[in-house]
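Down below is the structure, laid out as structure tokens.
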Amino acid sequence: MNPENHTAGGMQTMDCIFCKIAAGEIPSRKVYGDDQVVAFHDIQPQAPVHLLVIPRKHIASLNDATPEDTEVLGRLLLAARKVAEDAGIAGSGYRVINNCGKDAGQVVFHIHLHVLGGEDLGPLTAPRG
Ligand code: 5GP
Ligand code: ZN
């Protein structure tokens with residue numbers, strides 16, 4: 001295994017739930033996979049369609065991406081478009097979100113895009129309480 005990938009972002013790949021999903025070690029409802037990218041249904045959907053798109057490479061967050069990751073970052077966006085099309089929401093519209101760090105509420109530190117749609121998603125951010 002590439003030692004750089006193994007410890008990127010300070011987290012051991014072996015402890016990372018999304019690395020395990022990408023490797024097929026933890027089950028998921030996969031909708032797409034290629035040599036660099038995997039997409040699957042979120043376990044706690046926040047919209048009628050809620051998919052996650054991840055790189056096979058462990059990158060902890062957008063803060064940890066480097067110029068070397070330029071291609072895979074582009075592939076994530078194109079995969080997001082493809083899974084939205086396949087889910088039938090490309091025409092009605094969808095939202096692609098990346099949560100980066102604490103204030104954004106990032107919980108899983110393996111970079112991922114949320115693809116949400118299937119209904120009017122409302123405003124971008126929740127009303128401040
Ligand atoms: P974050 O807040 O880090 O941007 O989002 C992490 C997302 O991963 C959450 O929406 C959460 O429901 C989802 N998630 C966490 N663990 C699992 C899992 O084991 N399987 C799947 N399919 N989704 C997960
Ligand atoms: Zn990972």
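All residue names refer to the structure tokens as shown: chains lettered A, B, ... in order, residues numbered from 1 in each chain, ligands numbered from 1 in order.
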
Closest pair table for chain A residues within 6 Å of ligand 2, only C-alpha atoms and all ligand atoms, as a Markdown table:
| residue | atom | partner | partner_atom_place_in_ligand_line | distance |
| --- | --- | --- | --- | --- |
| A:Thr13 | CA | ligand 2 | 1 (Zn) | 5.1 |
| A:Cys16 | CA | ligand 2 | 1 (Zn) | 4.5 |
| A:Phe18 | CA | ligand 2 | 1 (Zn) | 5.0 |
| A:Cys19 | CA | ligand 2 | 1 (Zn) | 3.9 |
| A:His58 | CA | ligand 2 | 1 (Zn) | 4.0 |
| A:His110 | CA | ligand 2 | 1 (Zn) | 4.5 |

Write the residues of the selection above to a file with C-alpha atoms, as an mmCIF file, in the first residue's frame.
data_model
loop_
_atom_site.group_PDB
_atom_site.id
_atom_site.type_symbol
_atom_site.label_atom_id
_atom_site.label_comp_id
_atom_site.auth_asym_id
_atom_site.auth_seq_id
_atom_site.Cartn_x
_atom_site.Cartn_y
_atom_site.Cartn_z
ATOM 1 C CA THR A 13 -6.746 4.475 6.387
ATOM 2 C CA CYS A 16 -11.564 5.143 8.109
ATOM 3 C CA PHE A 18 -15.199 5.425 3.907
ATOM 4 C CA CYS A 19 -11.927 3.678 3.003
ATOM 5 C CA HIS A 58 -7.883 8.725 1.554
ATOM 6 C CA HIS A 110 -12.505 11.192 4.266
#

Give the strand (DSSP E) residues of chain A, as assigned by DSSP on the backbone, as a PyMOL selection string.
chain A and resi 30-33+37-41+49-55+94-97+113-117

Let me see if you get this right: every residue at most 9 Å from ligand 1, counting only C-alpha atoms and all ligand atoms, written as an MDAnalysis selection string.
chainID A and resid 17:18 21 26:30 40:46 50:52 97:101 104:114

Restricting it to N, CA and C atoms, dump the selection as a tab-separated table (two decimals), in the first residue's frame.
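The result, stored in selection_30.tsv:
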chain	number	residue	atom	x	y	z
A	17	ILE	N	-13.94	4.76	7.89
A	17	ILE	CA	-15.13	4.03	7.45
A	17	ILE	C	-15.32	4.14	5.94
A	18	PHE	N	-14.99	5.29	5.35
A	18	PHE	CA	-15.20	5.42	3.91
A	18	PHE	C	-14.12	4.67	3.12
A	21	ILE	N	-15.60	1.28	3.08
A	21	ILE	CA	-16.71	1.19	2.11
A	21	ILE	C	-16.13	1.11	0.69
A	26	ILE	N	-16.98	-2.81	4.22
A	26	ILE	CA	-18.23	-2.48	4.93
A	26	ILE	C	-19.29	-2.34	3.84
A	27	PRO	N	-20.46	-2.94	4.04
A	27	PRO	CA	-21.49	-2.87	2.98
A	27	PRO	C	-22.04	-1.47	2.80
A	28	SER	N	-22.41	-1.16	1.58
A	28	SER	CA	-23.09	0.10	1.28
A	28	SER	C	-23.95	-0.14	0.05
A	29	ARG	N	-24.88	0.79	-0.18
A	29	ARG	CA	-25.72	0.70	-1.38
A	29	ARG	C	-25.03	1.50	-2.49
A	30	LYS	N	-24.11	0.84	-3.14
A	30	LYS	CA	-23.29	1.52	-4.17
A	30	LYS	C	-24.12	1.83	-5.41
A	40	PHE	N	-22.32	6.06	-3.24
A	40	PHE	CA	-23.27	5.17	-2.56
A	40	PHE	C	-24.30	6.02	-1.82
A	41	HIS	N	-25.40	5.38	-1.41
A	41	HIS	CA	-26.45	6.09	-0.67
A	41	HIS	C	-25.99	6.43	0.74
A	42	ASP	N	-26.31	7.64	1.17
A	42	ASP	CA	-26.06	8.02	2.56
A	42	ASP	C	-26.95	7.18	3.48
A	43	ILE	N	-26.38	6.77	4.59
A	43	ILE	CA	-27.12	5.89	5.52
A	43	ILE	C	-28.23	6.65	6.24
A	44	GLN	N	-28.13	7.98	6.32
A	44	GLN	CA	-29.17	8.80	6.97
A	44	GLN	C	-29.58	9.90	6.00
A	45	PRO	N	-30.39	9.54	5.00
A	45	PRO	CA	-30.69	10.51	3.94
A	45	PRO	C	-31.41	11.76	4.45
A	46	GLN	N	-30.96	12.90	3.94
A	46	GLN	CA	-31.55	14.19	4.31
A	46	GLN	C	-32.44	14.74	3.20
A	50	HIS	N	-30.10	11.13	-1.63
A	50	HIS	CA	-28.93	11.61	-0.88
A	50	HIS	C	-27.80	10.61	-1.09
A	51	LEU	N	-26.90	10.98	-1.97
A	51	LEU	CA	-25.77	10.11	-2.32
A	51	LEU	C	-24.48	10.74	-1.84
A	52	LEU	N	-23.49	9.89	-1.61
A	52	LEU	CA	-22.15	10.35	-1.24
A	52	LEU	C	-21.17	9.91	-2.32
A	97	ILE	N	-22.65	19.25	-2.02
A	97	ILE	CA	-22.10	19.89	-0.82
A	97	ILE	C	-20.84	19.16	-0.38
A	98	ASN	N	-19.85	19.94	0.00
A	98	ASN	CA	-18.69	19.39	0.72
A	98	ASN	C	-18.61	20.09	2.07
A	99	ASN	N	-18.71	19.34	3.15
A	99	ASN	CA	-18.49	19.89	4.48
A	99	ASN	C	-17.01	19.76	4.80
A	100	CYS	N	-16.39	20.88	5.14
A	100	CYS	CA	-14.95	20.86	5.47
A	100	CYS	C	-14.75	21.39	6.87
A	101	GLY	N	-14.42	20.50	7.79
A	101	GLY	CA	-14.04	20.91	9.14
A	101	GLY	C	-15.22	21.12	10.08
A	104	ALA	N	-18.48	23.40	9.57
A	104	ALA	CA	-19.37	22.85	8.53
A	104	ALA	C	-20.03	21.55	8.97
A	105	GLY	N	-19.61	21.04	10.13
A	105	GLY	CA	-20.21	19.82	10.65
A	105	GLY	C	-19.65	18.55	10.02
A	106	GLN	N	-18.43	18.63	9.50
A	106	GLN	CA	-17.84	17.40	8.92
A	106	GLN	C	-17.68	16.35	10.01
A	107	VAL	N	-18.21	15.17	9.74
A	107	VAL	CA	-18.17	14.07	10.72
A	107	VAL	C	-17.20	12.98	10.26
A	108	VAL	N	-17.24	12.68	8.97
A	108	VAL	CA	-16.36	11.64	8.43
A	108	VAL	C	-15.18	12.32	7.73
A	109	PHE	N	-13.98	12.07	8.25
A	109	PHE	CA	-12.79	12.74	7.71
A	109	PHE	C	-12.14	11.91	6.60
A	110	HIS	N	-12.94	11.71	5.57
A	110	HIS	CA	-12.51	11.19	4.27
A	110	HIS	C	-13.34	12.03	3.30
A	111	ILE	N	-12.68	12.85	2.52
A	111	ILE	CA	-13.38	13.86	1.72
A	111	ILE	C	-14.52	13.21	0.93
A	112	HIS	N	-15.66	13.92	0.89
A	112	HIS	CA	-16.82	13.39	0.16
A	112	HIS	C	-17.71	14.53	-0.28
A	113	LEU	N	-18.43	14.27	-1.37
A	113	LEU	CA	-19.47	15.18	-1.83
A	113	LEU	C	-20.82	14.57	-1.51
A	114	HIS	N	-21.70	15.39	-0.94
A	114	HIS	CA	-23.10	15.00	-0.80
A	114	HIS	C	-23.82	15.43	-2.07

Using DSSP on the backbone, list every residue of chain A that comes out as helix (DSSP H, G or I), and give them as a ChimeraX atom specification.
/A:3-10,13-15,17-22,62-64,67-86,102-104

Nearest residue to Ile54 in chain A from the set A:Thr66, A:Met14, A:Leu121, A:Val72 (distances using only C-alpha atoms):
A:Val72
